[in-house]
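Raw input07.txt, compact mmCIF, C-alpha atoms and all ligand atoms:
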```txt
# COMPACT_ATOMS: atom_id res chain seq x y z
CA MET B 8 47.30 133.82 88.88
CA SER B 9 48.36 130.34 87.98
CA GLU B 10 49.21 130.08 84.28
CA ASP B 11 47.79 126.61 83.74
CA CYS B 12 44.61 127.14 85.77
CA LEU B 13 41.29 127.21 83.95
CA PHE B 14 39.53 129.44 86.46
CA CYS B 15 42.46 131.88 86.63
CA ARG B 16 42.03 132.24 82.86
CA ILE B 17 38.34 133.00 83.43
CA VAL B 18 39.29 135.61 86.08
CA SER B 19 41.75 137.28 83.69
CA GLY B 20 39.20 137.29 80.86
CA GLU B 21 41.47 135.17 78.69
CA MET B 22 38.67 132.62 78.66
CA THR B 23 35.03 133.63 78.30
CA SER B 24 32.38 132.79 80.87
CA ASP B 25 28.88 133.89 81.75
CA ILE B 26 29.64 136.14 84.73
CA VAL B 27 26.68 136.80 87.02
CA TYR B 28 28.34 138.64 89.92
CA GLU B 29 31.70 140.20 90.69
CA THR B 30 33.50 142.04 93.49
CA ASP B 31 37.17 143.00 93.91
CA GLU B 32 37.92 139.58 95.35
CA VAL B 33 35.18 137.23 94.17
CA LEU B 34 33.81 136.14 90.78
CA ALA B 35 30.62 134.15 90.11
CA PHE B 36 29.88 132.60 86.72
CA ARG B 37 27.58 129.93 85.32
CA ASP B 38 28.81 126.34 85.26
CA ILE B 39 29.41 125.14 81.69
CA SER B 40 27.62 121.86 82.46
CA PRO B 41 24.74 122.85 84.73
CA GLN B 42 23.33 120.22 87.08
CA ALA B 43 20.31 122.37 87.97
CA PRO B 44 18.42 125.34 86.43
CA VAL B 45 20.70 127.58 88.50
CA HIS B 46 24.29 126.32 88.72
CA VAL B 47 26.82 129.03 89.46
CA LEU B 48 30.44 128.70 90.55
CA VAL B 49 31.65 131.22 93.13
CA ILE B 50 35.41 131.60 93.33
CA PRO B 51 38.07 133.80 94.91
CA LYS B 52 39.88 135.74 92.17
CA ALA B 53 43.18 134.82 93.82
CA HIS B 54 44.40 131.34 93.00
CA ILE B 55 43.88 128.92 95.88
CA ALA B 56 43.89 125.30 94.69
CA THR B 57 41.47 123.78 97.16
CA ILE B 58 39.55 124.73 100.30
CA SER B 59 41.87 122.88 102.66
CA GLU B 60 44.58 125.33 101.56
CA ALA B 61 42.38 128.39 102.11
CA PRO B 62 42.80 130.68 105.13
CA THR B 63 39.99 130.34 107.62
CA ASP B 64 40.81 133.59 109.44
CA ALA B 65 40.72 136.06 106.54
CA GLY B 66 36.99 136.35 105.92
CA LEU B 67 37.32 134.56 102.59
CA PHE B 68 34.48 132.14 103.21
CA ASP B 69 32.26 135.00 104.39
CA LYS B 70 32.94 136.81 101.12
CA LEU B 71 32.19 133.72 99.05
CA TYR B 72 28.93 133.12 100.92
CA ALA B 73 27.96 136.81 100.71
CA ALA B 74 28.45 136.62 96.93
CA ALA B 75 26.53 133.34 96.69
CA PHE B 76 23.60 134.85 98.62
CA GLU B 77 23.56 137.86 96.28
CA VAL B 78 23.51 135.54 93.27
CA ALA B 79 20.75 133.42 94.85
CA LYS B 80 18.67 136.59 95.33
CA LYS B 81 19.31 137.72 91.74
CA GLU B 82 18.38 134.27 90.44
CA GLY B 83 15.18 134.18 92.52
CA ILE B 84 16.08 131.12 94.61
CA PHE B 85 17.11 132.75 97.89
CA GLU B 86 13.71 132.31 99.55
CA GLU B 87 12.73 128.90 98.17
CA GLY B 88 16.06 127.24 98.92
CA PHE B 89 19.29 126.21 97.28
CA ARG B 90 22.42 124.13 97.85
CA THR B 91 26.07 125.16 98.24
CA VAL B 92 28.86 122.63 97.83
CA PHE B 93 32.65 122.74 97.96
CA ASN B 94 34.41 119.65 96.61
CA CYS B 95 37.85 119.22 98.17
CA HIS B 96 40.60 117.20 96.46
CA LYS B 97 40.12 114.17 94.25
CA LYS B 98 38.29 112.03 96.76
CA GLY B 99 35.89 114.89 97.43
CA GLY B 100 35.05 115.01 93.74
CA GLN B 101 37.15 118.06 92.84
CA VAL B 102 38.18 118.24 89.19
CA VAL B 103 39.21 121.88 88.75
CA PHE B 104 41.93 122.86 91.22
CA HIS B 105 41.01 126.49 91.79
CA MET B 106 38.70 126.41 94.80
CA HIS B 107 35.06 127.05 94.00
CA MET B 108 31.67 126.87 95.60
CA HIS B 109 28.83 125.34 93.59
CA LEU B 110 25.53 127.23 94.03
CA LEU B 111 22.69 125.01 92.84
CA GLY B 112 18.98 125.61 92.78
CA GLY B 113 15.78 125.96 90.81
CA ARG B 114 14.81 122.31 91.27
CA GLN B 115 14.21 119.92 94.16
CA MET B 116 17.58 118.87 95.53
CA ARG B 117 17.89 115.37 96.98
CA ALA B 118 20.37 113.79 99.39
CA ASN B 119 22.77 112.60 96.68
CA SER B 120 21.81 114.62 93.62
P1 LIG C 1 34.47 120.29 90.62
O1 LIG C 1 34.16 118.88 90.26
O2 LIG C 1 35.95 120.61 90.47
O3 LIG C 1 33.94 120.69 91.97
O4 LIG C 1 33.67 121.20 89.62
C1 LIG C 1 34.22 121.79 88.49
C2 LIG C 1 33.08 122.41 87.73
O5 LIG C 1 33.62 123.27 86.75
C3 LIG C 1 32.19 121.39 87.00
O6 LIG C 1 30.85 121.52 87.45
C4 LIG C 1 32.35 121.78 85.54
O7 LIG C 1 31.14 121.63 84.80
C5 LIG C 1 32.81 123.21 85.60
N1 LIG C 1 33.63 123.63 84.48
C6 LIG C 1 34.66 122.93 83.92
N2 LIG C 1 35.20 123.64 82.92
C7 LIG C 1 34.52 124.81 82.85
C8 LIG C 1 34.63 125.94 81.99
O8 LIG C 1 35.48 126.03 81.11
N3 LIG C 1 33.74 126.96 82.20
C9 LIG C 1 32.79 126.90 83.18
N4 LIG C 1 31.96 127.96 83.28
N5 LIG C 1 32.65 125.84 83.99
C10 LIG C 1 33.52 124.81 83.83
ZN ZN C 2 43.48 129.48 89.52
```

Can I see the file as C-alpha cells?
Amino acid sequence: MSEDCLFCRIVSGEMTSDIVYETDEVLAFRDISPQAPVHVLVIPKAHIATISEAPTDAGLFDKLYAAAFEVAKKEGIFEEGFRTVFNCHKKGGQVVFHMHMHLLGGRQMRANS
C-alpha cells in the first residue's frame, strides 16, 4: 500500500470504484473515463508502480491475464475480440503509477485508437 496512490486507495476501499472481478491478488474495476463500451482496469492489489518494476518470474502477469479473460467472458467480449494494453512510464502514456492493464472491447478497435 502506497499512501498517495490512487489505485491503492481503490484496493483498500477508501475510494469507491465499480469492481467487476476480484481475487486475493488481483482487482478489476471499470475505468472512470471509458474509451470503449467495455473498459476495465486490471491491477495487482500490491503496489507496483509500473510494469518494468514488476517481477516476470512470479506468475503475476499470468494472474492479471487470467483475471482479464474472466472479465472479458463476463462482459461478453471474449469470443468477438478485445484489446489489452499496459502503458509503461510517461513516454508510454502512463498517468497513474500503480501498474494496470487496460481491457478494452465492445467496439471495433483500430491500430491507434
Ligand atoms: P494510464 O494512462 O495510467 O495507463 O491510465 C490510467 C487510467 O486510469 C485512465 O484510463 C483513467 O481514466 C483511469 N482513472 C484515473 N482516475 C481514476 C479513478 O479515480 N477511478 C477509476 N476507476 N479510473 C481512473
Ligand atoms: Zn498503488

* To do: Please check which protein, DNA or RNA residues sit within 10 Å of ligand ZN 2 (chain C), counting only C-alpha atoms and all ligand atoms, and write them as a PyMOL selection string.
  => chain B and resi 8-19+50-57+103-107

* With only C-alpha atoms and all ligand atoms counted, collect every polymer residue having an atom within 7 Å of ligand LIG 1 (chain C); state the result as an MDAnalysis selection string. => chainID B and resid 13 24:25 36:41 93:94 100:104 107

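Straight-line separation from CA of Val45 in chain B to CA of Asn119 in chain B: 17.2 Å.
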
Need to verify the contact set: Ala75 in chain B, 10 Å, all atoms listed in the file, exclusion of same-chain residues closer than 2 positions in sequence. Can you return it as a PDB file with C-alpha atoms, in the frame of the given file?
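What ended up in result_12.pdb:
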```pdb
ATOM      1  CA  TYR B  28      28.340 138.640  89.920  1.00  0.00           C
ATOM      2  CA  VAL B  33      35.180 137.230  94.170  1.00  0.00           C
ATOM      3  CA  LEU B  34      33.810 136.140  90.780  1.00  0.00           C
ATOM      4  CA  ALA B  35      30.620 134.150  90.110  1.00  0.00           C
ATOM      5  CA  VAL B  47      26.820 129.030  89.460  1.00  0.00           C
ATOM      6  CA  LEU B  48      30.440 128.700  90.550  1.00  0.00           C
ATOM      7  CA  VAL B  49      31.650 131.220  93.130  1.00  0.00           C
ATOM      8  CA  ILE B  50      35.410 131.600  93.330  1.00  0.00           C
ATOM      9  CA  ASP B  69      32.260 135.000 104.390  1.00  0.00           C
ATOM     10  CA  LYS B  70      32.940 136.810 101.120  1.00  0.00           C
ATOM     11  CA  LEU B  71      32.190 133.720  99.050  1.00  0.00           C
ATOM     12  CA  TYR B  72      28.930 133.120 100.920  1.00  0.00           C
ATOM     13  CA  ALA B  73      27.960 136.810 100.710  1.00  0.00           C
ATOM     14  CA  GLU B  77      23.560 137.860  96.280  1.00  0.00           C
ATOM     15  CA  VAL B  78      23.510 135.540  93.270  1.00  0.00           C
ATOM     16  CA  ALA B  79      20.750 133.420  94.850  1.00  0.00           C
ATOM     17  CA  LYS B  80      18.670 136.590  95.330  1.00  0.00           C
ATOM     18  CA  LYS B  81      19.310 137.720  91.740  1.00  0.00           C
ATOM     19  CA  PHE B  85      17.110 132.750  97.890  1.00  0.00           C
ATOM     20  CA  THR B  91      26.070 125.160  98.240  1.00  0.00           C
ATOM     21  CA  MET B 108      31.670 126.870  95.600  1.00  0.00           C
ATOM     22  CA  HIS B 109      28.830 125.340  93.590  1.00  0.00           C
ATOM     23  CA  LEU B 110      25.530 127.230  94.030  1.00  0.00           C
ATOM     24  CA  LEU B 111      22.690 125.010  92.840  1.00  0.00           C
TER      25      LEU B 111
END
```

* Asked: Which of these, B:Leu67, B:Ile58, B:Met22, B:Ala43, has the shortest distance to Ile84 in chain B once you count only C-alpha atoms?
  ->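 Among the listed residues, B:Ala43 lies closest to Ile84 in chain B.
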
* What is the distance between CA of Phe89 in chain B and CA of Asp31 in chain B, in Å to one decimal? ->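 Interatomic distance here is 24.8 Å.
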
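In this model, the gap between CA of Glu32 in chain B and CA of Arg114 in chain B comes to 29.1 Å.
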
* Using all atoms listed in the file, which residue out of B:Phe76, B:Val27, B:Gln42, B:Thr63 lies closest to Gln115 in chain B? ->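 Among the listed residues, the smallest separation from Gln115 in chain B belongs to B:Gln42.
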